[in-house]
file upload_19.txt (compact mmCIF, C-alpha atoms)
# COMPACT_ATOMS: atom_id res chain seq x y z
CA MET A 1 -33.67 25.91 -8.41
CA THR A 2 -31.47 24.97 -5.48
CA PRO A 3 -27.72 25.67 -5.48
CA SER A 4 -25.47 23.09 -7.12
CA ALA A 5 -22.97 21.22 -4.99
CA THR A 6 -19.94 22.25 -6.98
CA SER A 7 -16.28 23.08 -6.58
CA GLY A 8 -13.08 21.94 -8.17
CA THR A 9 -13.24 19.42 -10.98
CA GLY A 10 -16.66 18.05 -11.80
CA GLU A 11 -20.08 18.91 -10.44
CA VAL A 12 -23.07 17.21 -8.88
CA GLY A 13 -25.83 19.71 -9.54
CA VAL A 14 -29.35 19.77 -8.13
CA GLU A 15 -32.32 21.22 -10.00
CA ARG A 16 -35.88 21.40 -8.71
CA HIS A 17 -38.94 20.69 -10.83
CA GLY A 18 -41.77 20.98 -8.34
CA ASP A 19 -41.51 18.08 -5.91
CA VAL A 20 -39.02 16.24 -8.16
CA ALA A 21 -35.30 16.89 -7.60
CA VAL A 22 -32.96 16.24 -10.52
CA VAL A 23 -29.38 15.33 -9.61
CA ARG A 24 -27.10 15.87 -12.59
CA LEU A 25 -23.56 14.49 -12.85
CA ALA A 26 -21.34 16.85 -14.84
CA ASN A 27 -17.71 16.57 -15.90
CA PRO A 28 -17.52 18.35 -19.26
CA GLY A 29 -15.39 16.69 -21.90
CA LYS A 30 -15.13 13.37 -20.04
CA HIS A 31 -18.66 11.97 -20.42
CA ASN A 32 -19.26 12.87 -16.76
CA ALA A 33 -16.53 10.55 -15.47
CA LEU A 34 -16.53 10.73 -11.68
CA THR A 35 -13.65 12.54 -10.01
CA VAL A 36 -12.83 12.08 -6.33
CA ARG A 37 -14.68 15.31 -5.61
CA MET A 38 -17.79 14.07 -7.44
CA TRP A 39 -17.74 10.75 -5.59
CA ARG A 40 -17.67 12.72 -2.34
CA LEU A 41 -20.43 15.07 -3.41
CA VAL A 42 -22.94 12.34 -4.28
CA PRO A 43 -23.53 11.27 -0.63
CA GLU A 44 -23.69 14.91 0.48
CA VAL A 45 -26.32 15.76 -2.12
CA PHE A 46 -28.44 12.67 -1.41
CA ALA A 47 -28.23 13.22 2.36
CA GLY A 48 -29.72 16.67 1.85
CA LEU A 49 -32.48 15.39 -0.42
CA ALA A 50 -33.32 12.54 1.98
CA THR A 51 -34.28 15.02 4.70
CA ASP A 52 -35.96 17.59 2.45
CA SER A 53 -39.70 17.14 2.98
CA SER A 54 -40.49 19.09 -0.20
CA VAL A 55 -38.76 16.43 -2.34
CA ARG A 56 -40.85 13.38 -3.15
CA VAL A 57 -38.86 11.79 -6.02
CA VAL A 58 -35.25 12.09 -7.19
CA VAL A 59 -34.06 11.73 -10.78
CA LEU A 60 -30.37 10.92 -11.36
CA THR A 61 -28.92 11.73 -14.78
CA GLY A 62 -25.86 13.09 -16.55
CA ALA A 63 -25.15 16.36 -18.31
CA GLY A 64 -24.90 16.27 -22.09
CA PRO A 65 -24.87 13.10 -24.20
CA SER A 66 -23.82 10.59 -21.52
CA PHE A 67 -24.94 9.41 -18.11
CA CYS A 68 -21.50 8.61 -16.71
CA ALA A 69 -18.44 6.91 -18.22
CA GLY A 70 -17.22 5.61 -14.85
CA SER A 71 -14.40 6.86 -12.65
CA ASP A 72 -12.13 9.57 -13.99
CA ILE A 73 -8.97 7.74 -15.05
CA ASN A 74 -6.83 10.45 -13.42
CA ASP A 75 -8.25 9.53 -10.01
CA LEU A 76 -8.63 5.81 -10.59
CA ALA A 77 -5.96 4.72 -8.10
CA GLU A 78 -7.59 6.62 -5.25
CA HIS A 79 -11.07 5.36 -6.10
CA HIS A 80 -10.07 1.75 -5.68
CA VAL A 81 -8.29 2.11 -2.35
CA SER A 82 -11.14 4.04 -0.78
CA ASP A 83 -14.79 3.47 0.04
CA LEU A 84 -15.93 6.48 -1.97
CA PRO A 85 -17.76 4.52 -4.70
CA SER A 86 -19.52 2.27 -2.20
CA ALA A 87 -20.48 5.26 -0.04
CA ALA A 88 -22.01 7.03 -3.04
CA GLU A 89 -23.85 3.88 -4.11
CA THR A 90 -25.19 3.33 -0.60
CA ALA A 91 -26.36 6.93 -0.29
CA ILE A 92 -28.51 6.51 -3.40
CA ALA A 93 -29.80 3.04 -2.49
CA THR A 94 -30.78 4.05 1.05
CA CYS A 95 -32.39 7.36 0.11
CA PRO A 96 -35.97 7.09 1.44
CA LYS A 97 -37.33 8.76 -1.70
CA ALA A 98 -37.90 6.90 -4.96
CA VAL A 99 -34.87 7.41 -7.23
CA VAL A 100 -35.16 7.10 -11.01
CA ALA A 101 -32.12 7.00 -13.30
CA ALA A 102 -32.38 8.58 -16.75
CA VAL A 103 -29.60 6.95 -18.75
CA GLN A 104 -28.21 8.09 -22.07
CA GLY A 105 -24.91 7.46 -23.83
CA TYR A 106 -22.24 5.81 -21.71
CA CYS A 107 -23.21 4.12 -18.43
CA LEU A 108 -19.99 2.33 -17.49
CA GLY A 109 -18.17 1.15 -14.38
CA GLY A 110 -18.88 3.55 -11.54
CA GLY A 111 -21.66 5.11 -13.58
CA LEU A 112 -23.42 1.76 -13.80
CA GLN A 113 -22.80 1.29 -10.08
CA LEU A 114 -24.75 4.50 -9.38
CA ALA A 115 -27.51 3.71 -11.88
CA ALA A 116 -27.96 0.24 -10.37
CA ALA A 117 -28.41 1.81 -6.94
CA CYS A 118 -31.49 3.66 -8.21
CA ASP A 119 -34.94 2.13 -7.88
CA LEU A 120 -35.80 2.38 -11.58
CA ARG A 121 -33.74 2.89 -14.74
CA ILE A 122 -35.07 4.37 -17.99
CA ALA A 123 -32.61 4.21 -20.89
CA ALA A 124 -32.43 6.00 -24.21
CA VAL A 125 -31.84 4.20 -27.48
CA GLY A 126 -28.09 4.34 -28.09
CA SER A 127 -27.10 3.82 -24.44
CA THR A 128 -24.09 1.63 -23.66
CA PHE A 129 -23.55 -0.35 -20.46
CA GLY A 130 -20.44 -2.08 -19.17
CA VAL A 131 -18.52 -3.27 -16.10
CA PRO A 132 -14.75 -3.03 -16.80
CA PRO A 133 -12.90 -4.28 -13.64
CA ALA A 134 -11.39 -7.28 -15.47
CA ARG A 135 -9.82 -4.88 -17.97
CA LEU A 136 -8.28 -2.89 -15.11
CA GLY A 137 -7.16 -5.74 -12.87
CA ILE A 138 -9.38 -4.74 -9.95
CA VAL A 139 -12.22 -6.41 -8.03
CA TYR A 140 -15.70 -4.96 -8.43
CA PRO A 141 -16.99 -3.77 -5.00
CA LEU A 142 -18.97 -6.31 -2.99
CA THR A 143 -21.98 -4.01 -2.61
CA ALA A 144 -22.08 -3.35 -6.36
CA THR A 145 -21.66 -7.04 -7.21
CA ARG A 146 -24.48 -8.02 -4.86
CA ARG A 147 -26.75 -5.37 -6.32
CA LEU A 148 -25.97 -6.39 -9.90
CA LEU A 149 -26.59 -10.04 -8.99
CA SER A 150 -30.01 -9.21 -7.53
CA MET A 151 -30.97 -7.38 -10.73
CA VAL A 152 -29.72 -9.59 -13.55
CA GLY A 153 -28.88 -12.94 -11.93
CA PRO A 154 -25.62 -14.89 -11.60
CA ALA A 155 -24.99 -15.71 -15.26
CA ALA A 156 -25.45 -12.16 -16.55
CA THR A 157 -23.41 -10.77 -13.65
CA LYS A 158 -20.53 -13.10 -14.44
CA TYR A 159 -20.79 -12.37 -18.16
CA LEU A 160 -20.63 -8.60 -17.69
CA ILE A 161 -17.67 -8.79 -15.30
CA PHE A 162 -15.79 -11.72 -16.88
CA THR A 163 -15.83 -10.30 -20.40
CA GLY A 164 -15.85 -6.56 -19.76
CA ASP A 165 -18.11 -6.35 -22.81
CA ARG A 166 -20.24 -3.32 -23.44
CA ILE A 167 -23.88 -4.06 -24.16
CA ASP A 168 -26.56 -1.93 -25.77
CA GLU A 169 -29.89 -0.85 -24.34
CA THR A 170 -31.76 -3.75 -25.99
CA ARG A 171 -29.69 -6.38 -24.22
CA ALA A 172 -29.75 -4.35 -21.00
CA LEU A 173 -33.55 -4.43 -21.12
CA HIS A 174 -33.55 -8.16 -21.90
CA ILE A 175 -31.43 -9.07 -18.87
CA GLY A 176 -33.26 -6.70 -16.51
CA LEU A 177 -30.55 -4.09 -16.16
CA VAL A 178 -32.99 -1.37 -17.23
CA ASP A 179 -36.76 -1.17 -16.88
CA GLU A 180 -37.70 0.73 -20.01
CA VAL A 181 -36.14 1.93 -23.27
CA VAL A 182 -37.32 5.06 -25.08
CA ALA A 183 -36.18 7.16 -28.02
CA ALA A 184 -33.32 9.49 -27.12
CA ASP A 185 -35.41 12.60 -27.69
CA ALA A 186 -38.15 11.24 -25.41
CA LEU A 187 -35.93 10.31 -22.43
CA TRP A 188 -36.40 13.49 -20.42
CA GLN A 189 -40.15 13.69 -21.01
CA ARG A 190 -40.71 10.03 -20.15
CA THR A 191 -38.50 10.13 -17.06
CA MET A 192 -40.23 13.21 -15.70
CA ALA A 193 -43.62 11.66 -16.43
CA VAL A 194 -42.71 8.58 -14.38
CA ALA A 195 -41.21 10.71 -11.59
CA THR A 196 -44.26 12.97 -11.49
CA GLN A 197 -46.59 9.98 -11.39
CA ILE A 198 -44.70 8.50 -8.43
CA ALA A 199 -44.62 11.88 -6.69
CA GLY A 200 -48.40 12.09 -6.92
CA LEU A 201 -49.02 8.77 -5.21
CA SER A 202 -48.83 7.67 -1.57
CA GLN A 203 -45.33 8.27 -0.29
CA LEU A 204 -46.03 6.02 2.68
CA THR A 205 -46.70 3.13 0.29
CA ILE A 206 -43.67 3.88 -1.86
CA GLN A 207 -41.21 4.37 0.98
CA ALA A 208 -42.47 1.31 2.87
CA THR A 209 -42.32 -0.81 -0.27
CA LYS A 210 -38.79 0.36 -1.00
CA GLN A 211 -37.60 -0.68 2.46
CA ILE A 212 -39.46 -4.01 2.41
CA VAL A 213 -38.33 -5.00 -1.10
CA ASP A 214 -34.71 -4.08 -0.37
CA ALA A 215 -34.81 -6.07 2.87
CA LEU A 216 -36.28 -9.09 1.11
CA VAL A 217 -33.62 -8.95 -1.61
CA ALA A 218 -30.90 -8.74 1.04
CA GLY A 219 -32.40 -11.71 2.89
CA ASP A 220 -33.06 -9.61 6.00
CA GLU A 221 -35.87 -10.13 8.48
CA VAL A 222 -38.76 -7.94 7.38
CA ALA A 223 -41.36 -8.45 10.10
CA GLY A 224 -40.12 -5.46 12.08
CA THR A 225 -39.98 -3.29 9.00
CA VAL A 226 -43.56 -4.18 8.07
CA ASP A 227 -44.75 -3.50 11.63
CA ARG A 228 -43.16 -0.05 11.64
CA TRP A 229 -45.06 0.95 8.53
CA THR A 230 -48.43 -0.65 9.31
CA ARG A 231 -48.98 0.33 12.93

call {"tool": "encode", "arguments": {"input": "upload_19.txt", "output": "structure tokens"}}
result
Amino acid sequence: MTPSATSGTGEVGVERHGDVAVVRLANPGKHNALTVRMWRLVPEVFAGLATDSSVRVVVLTGAGPSFCAGSDINDLAEHHVSDLPSAAETAIATCPKAVVAAVQGYCLGGGLQLAAACDLRIAAVGSTFGVPPARLGIVYPLTATRRLLSMVGPAATKYLIFTGDRIDETRALHIGLVDEVVAADALWQRTMAVATQIAGLSQLTIQATKQIVDALVAGDEVAGTVDRWTR
């Protein structure tokens, strides 16, 4: 097990399970709500994993019964006048390794922003998803809005943000917000099975596909990206 990136309020811990690294958000008593320190730690942790050749897949999850309830309300003002959430989201999305989110309990606001930045999302029965900016009088970050749009389409994106409604795992699966739903007591086993399967396959194929798909979604020119991986 590698050391956890911890200090102050909240933790972003890293555990090793063979060639799979598990990043665990932890803020006891607050459903892993993200403090300023946690927002800062996420890019640091993912930067280290991105360059660690012994890591082939990353799993992102939360400690205890929830994935992440969003930004810690005590730090909310600072979150929304900084680029911390977008920097954390980008660090996950641009990690060259496949990243799988294991979601249970609350996955709200900033938590959903981080889950959406992962390549795959597996959710437990009983999970709850929501995007609350309209309830707080703030504008959802551009990067997060674009990513949500690419996943669920314009109507579902507007619905989630306009209403601030929380939806369950069944509707999340229906609109494409998650890729698979499993029983709560099977979440860890299923997530690790998927991560282990990916870790055992060609990393060249997976990493190239990740870059190409992300470029296509962003509307970027992909010819150069394809050439780099096929020559």

call {"tool": "closest_residue", "arguments": {"input": "upload_19.txt", "among": "A:Pro65, A:Gly29, A:Gly153, A:Gly105", "to": "Gly176 in chain A", "atoms": "all atoms listed in the file"}}
result
A:Gly153

call {"tool": "closest_residue", "arguments": {"input": "upload_19.txt", "among": "A:Ser66, A:Gln197, A:Ser127, A:Thr94", "to": "Phe46 in chain A", "atoms": "all atoms listed in the file"}}
result
A:Thr94

call {"tool": "closest_residue", "arguments": {"input": "upload_19.txt", "among": "A:Gly62, A:Gly126, A:Leu148, A:Thr90", "to": "Pro28 in chain A", "atoms": "only C-alpha atoms"}}
result
A:Gly62

call {"tool": "closest_residue", "arguments": {"input": "upload_19.txt", "among": "A:Leu142, A:Leu84, A:Val22, A:Ala63", "to": "Thr35 in chain A", "atoms": "only C-alpha atoms"}}
result
A:Leu84

call {"tool": "closest_residue", "arguments": {"input": "upload_19.txt", "among": "A:Gly13, A:Pro43, A:Pro154, A:Gly111", "to": "Ala88 in chain A", "atoms": "only C-alpha atoms"}}
result
A:Pro43

call {"tool": "closest_residue", "arguments": {"input": "upload_19.txt", "among": "A:Val181, A:Val217, A:Leu49, A:Met151", "to": "Gln104 in chain A", "atoms": "all atoms listed in the file"}}
result
A:Val181

call {"tool": "atom_distance", "arguments": {"input": "upload_19.txt", "atom1": "CA of His17 in chain A", "atom2": "CA of Ala124 in chain A"}}
result
20.9 Å

call {"tool": "residues_around", "arguments": {"input": "upload_19.txt", "residues": "Gly164 in chain A", "least_positions_apart": "6", "cutoff": "10 Å", "atoms": "all atoms listed in the file", "output": "count of residues only"}}
result
10

call {"tool": "atom_distance", "arguments": {"input": "upload_19.txt", "atom1": "CA of Leu149 in chain A", "atom2": "CA of Asp119 in chain A"}}
result
14.8 Å

call {"tool": "atom_distance", "arguments": {"input": "upload_19.txt", "atom1": "CA of Gly70 in chain A", "atom2": "CA of Lys30 in chain A"}}
result
9.6 Å

call {"tool": "residues_around", "arguments": {"input": "upload_19.txt", "residues": "Glu11 in chain A", "least_positions_apart": "4", "cutoff": "12 Å", "atoms": "all atoms listed in the file", "output": "list in words"}}
result
Pro3, Ser4, Ala5, Thr6, Ser7, Val23, Arg24, Leu25, Ala26, Asn27, Pro28, Asn32, Ala33, Leu34, Thr35, Val36, Arg37, Met38, Trp39, Arg40, Leu41, Val42, Val45, Gly62 and Ala63 of chain A

call {"tool": "residues_around", "arguments": {"input": "upload_19.txt", "residues": "Ala50 in chain A", "least_positions_apart": "2", "cutoff": "9 Å", "atoms": "all atoms listed in the file", "output": "PyMOL selection string"}}
result
chain A and resi 45-48+52-53+55+94-97

call {"tool": "residues_around", "arguments": {"input": "upload_19.txt", "residues": "Leu60 in chain A", "least_positions_apart": "4", "cutoff": "10 Å", "atoms": "all atoms listed in the file", "output": "VMD selection string"}}
result
chain A and resid 12 14 21 to 25 67 92 99 to 103 114 to 115 118 121 191

call {"tool": "axis_aligned_box", "arguments": {"input": "upload_19.txt", "around": "range 160-177 of chain A", "padding_each_side": "6 Å", "output": "JSON"}}
result
{"center_x": -24.7, "center_y": -6.3, "center_z": -20.6, "size_x": 29.8, "size_y": 22.9, "size_z": 22.7}

call {"tool": "residues_around", "arguments": {"input": "upload_19.txt", "residues": "Ser202 in chain A", "least_positions_apart": "3", "cutoff": "12 Å", "atoms": "only C-alpha atoms", "output": "CSV table (one decimal) with C-alpha atoms, keeping the file's coordinate frame"}}
result
chain,number,residue,atom,x,y,z
A,56,ARG,CA,-40.8,13.4,-3.2
A,57,VAL,CA,-38.9,11.8,-6.0
A,97,LYS,CA,-37.3,8.8,-1.7
A,98,ALA,CA,-37.9,6.9,-5.0
A,197,GLN,CA,-46.6,10.0,-11.4
A,198,ILE,CA,-44.7,8.5,-8.4
A,199,ALA,CA,-44.6,11.9,-6.7
A,205,THR,CA,-46.7,3.1,0.3
A,206,ILE,CA,-43.7,3.9,-1.9
A,207,GLN,CA,-41.2,4.4,1.0
A,208,ALA,CA,-42.5,1.3,2.9
A,209,THR,CA,-42.3,-0.8,-0.3

call {"tool": "build_atoms", "arguments": {"input": "upload_19.txt", "residues": "range 13-29 of chain A", "atoms": "N, CA, C and O atoms", "output": "PDB file, in the coordinates of the input"}}
result
ATOM      1  N   GLY A  13     -24.871  18.618  -9.648  1.00  0.00           N
ATOM      2  CA  GLY A  13     -25.830  19.710  -9.540  1.00  0.00           C
ATOM      3  C   GLY A  13     -27.210  19.222  -9.157  1.00  0.00           C
ATOM      4  O   GLY A  13     -27.580  18.078  -9.414  1.00  0.00           O
ATOM      5  N   VAL A  14     -27.984  20.089  -8.527  1.00  0.00           N
ATOM      6  CA  VAL A  14     -29.350  19.770  -8.130  1.00  0.00           C
ATOM      7  C   VAL A  14     -30.292  20.813  -8.712  1.00  0.00           C
ATOM      8  O   VAL A  14     -30.095  22.011  -8.503  1.00  0.00           O
ATOM      9  N   GLU A  15     -31.290  20.346  -9.447  1.00  0.00           N
ATOM     10  CA  GLU A  15     -32.320  21.220 -10.000  1.00  0.00           C
ATOM     11  C   GLU A  15     -33.658  20.784  -9.405  1.00  0.00           C
ATOM     12  O   GLU A  15     -33.872  19.600  -9.159  1.00  0.00           O
ATOM     13  N   ARG A  16     -34.550  21.729  -9.219  1.00  0.00           N
ATOM     14  CA  ARG A  16     -35.880  21.400  -8.710  1.00  0.00           C
ATOM     15  C   ARG A  16     -36.935  21.616  -9.781  1.00  0.00           C
ATOM     16  O   ARG A  16     -36.971  22.645 -10.449  1.00  0.00           O
ATOM     17  N   HIS A  17     -37.787  20.630  -9.940  1.00  0.00           N
ATOM     18  CA  HIS A  17     -38.940  20.690 -10.830  1.00  0.00           C
ATOM     19  C   HIS A  17     -40.150  20.311  -9.990  1.00  0.00           C
ATOM     20  O   HIS A  17     -40.555  19.147  -9.952  1.00  0.00           O
ATOM     21  N   GLY A  18     -40.688  21.282  -9.278  1.00  0.00           N
ATOM     22  CA  GLY A  18     -41.770  20.980  -8.340  1.00  0.00           C
ATOM     23  C   GLY A  18     -41.263  20.102  -7.217  1.00  0.00           C
ATOM     24  O   GLY A  18     -40.259  20.410  -6.584  1.00  0.00           O
ATOM     25  N   ASP A  19     -41.934  18.978  -6.991  1.00  0.00           N
ATOM     26  CA  ASP A  19     -41.510  18.080  -5.910  1.00  0.00           C
ATOM     27  C   ASP A  19     -40.567  16.985  -6.405  1.00  0.00           C
ATOM     28  O   ASP A  19     -40.303  16.021  -5.695  1.00  0.00           O
ATOM     29  N   VAL A  20     -40.038  17.148  -7.624  1.00  0.00           N
ATOM     30  CA  VAL A  20     -39.020  16.240  -8.160  1.00  0.00           C
ATOM     31  C   VAL A  20     -37.686  16.967  -8.168  1.00  0.00           C
ATOM     32  O   VAL A  20     -37.571  18.084  -8.695  1.00  0.00           O
ATOM     33  N   ALA A  21     -36.670  16.351  -7.579  1.00  0.00           N
ATOM     34  CA  ALA A  21     -35.300  16.890  -7.600  1.00  0.00           C
ATOM     35  C   ALA A  21     -34.498  16.131  -8.650  1.00  0.00           C
ATOM     36  O   ALA A  21     -34.539  14.902  -8.692  1.00  0.00           O
ATOM     37  N   VAL A  22     -33.796  16.854  -9.486  1.00  0.00           N
ATOM     38  CA  VAL A  22     -32.960  16.240 -10.520  1.00  0.00           C
ATOM     39  C   VAL A  22     -31.497  16.432 -10.125  1.00  0.00           C
ATOM     40  O   VAL A  22     -31.022  17.559  -9.988  1.00  0.00           O
ATOM     41  N   VAL A  23     -30.805  15.324  -9.915  1.00  0.00           N
ATOM     42  CA  VAL A  23     -29.380  15.330  -9.610  1.00  0.00           C
ATOM     43  C   VAL A  23     -28.640  15.057 -10.908  1.00  0.00           C
ATOM     44  O   VAL A  23     -28.857  14.016 -11.543  1.00  0.00           O
ATOM     45  N   ARG A  24     -27.758  15.975 -11.289  1.00  0.00           N
ATOM     46  CA  ARG A  24     -27.100  15.870 -12.590  1.00  0.00           C
ATOM     47  C   ARG A  24     -25.584  15.783 -12.409  1.00  0.00           C
ATOM     48  O   ARG A  24     -24.960  16.700 -11.870  1.00  0.00           O
ATOM     49  N   LEU A  25     -25.003  14.667 -12.874  1.00  0.00           N
ATOM     50  CA  LEU A  25     -23.560  14.490 -12.850  1.00  0.00           C
ATOM     51  C   LEU A  25     -22.964  15.273 -14.025  1.00  0.00           C
ATOM     52  O   LEU A  25     -23.456  15.181 -15.148  1.00  0.00           O
ATOM     53  N   ALA A  26     -21.911  16.033 -13.772  1.00  0.00           N
ATOM     54  CA  ALA A  26     -21.340  16.850 -14.840  1.00  0.00           C
ATOM     55  C   ALA A  26     -19.823  16.930 -14.731  1.00  0.00           C
ATOM     56  O   ALA A  26     -19.289  17.399 -13.727  1.00  0.00           O
ATOM     57  N   ASN A  27     -19.163  16.426 -15.752  1.00  0.00           N
ATOM     58  CA  ASN A  27     -17.710  16.570 -15.900  1.00  0.00           C
ATOM     59  C   ASN A  27     -17.458  16.793 -17.386  1.00  0.00           C
ATOM     60  O   ASN A  27     -17.203  15.836 -18.133  1.00  0.00           O
ATOM     61  N   PRO A  28     -17.577  18.028 -17.831  1.00  0.00           N
ATOM     62  CA  PRO A  28     -17.520  18.350 -19.260  1.00  0.00           C
ATOM     63  C   PRO A  28     -16.283  17.779 -19.940  1.00  0.00           C
ATOM     64  O   PRO A  28     -15.171  17.839 -19.414  1.00  0.00           O
ATOM     65  N   GLY A  29     -16.496  17.209 -21.103  1.00  0.00           N
ATOM     66  CA  GLY A  29     -15.390  16.690 -21.900  1.00  0.00           C
ATOM     67  C   GLY A  29     -14.975  15.281 -21.552  1.00  0.00           C
ATOM     68  O   GLY A  29     -14.152  14.689 -22.252  1.00  0.00           O
TER      69      GLY A  29
END
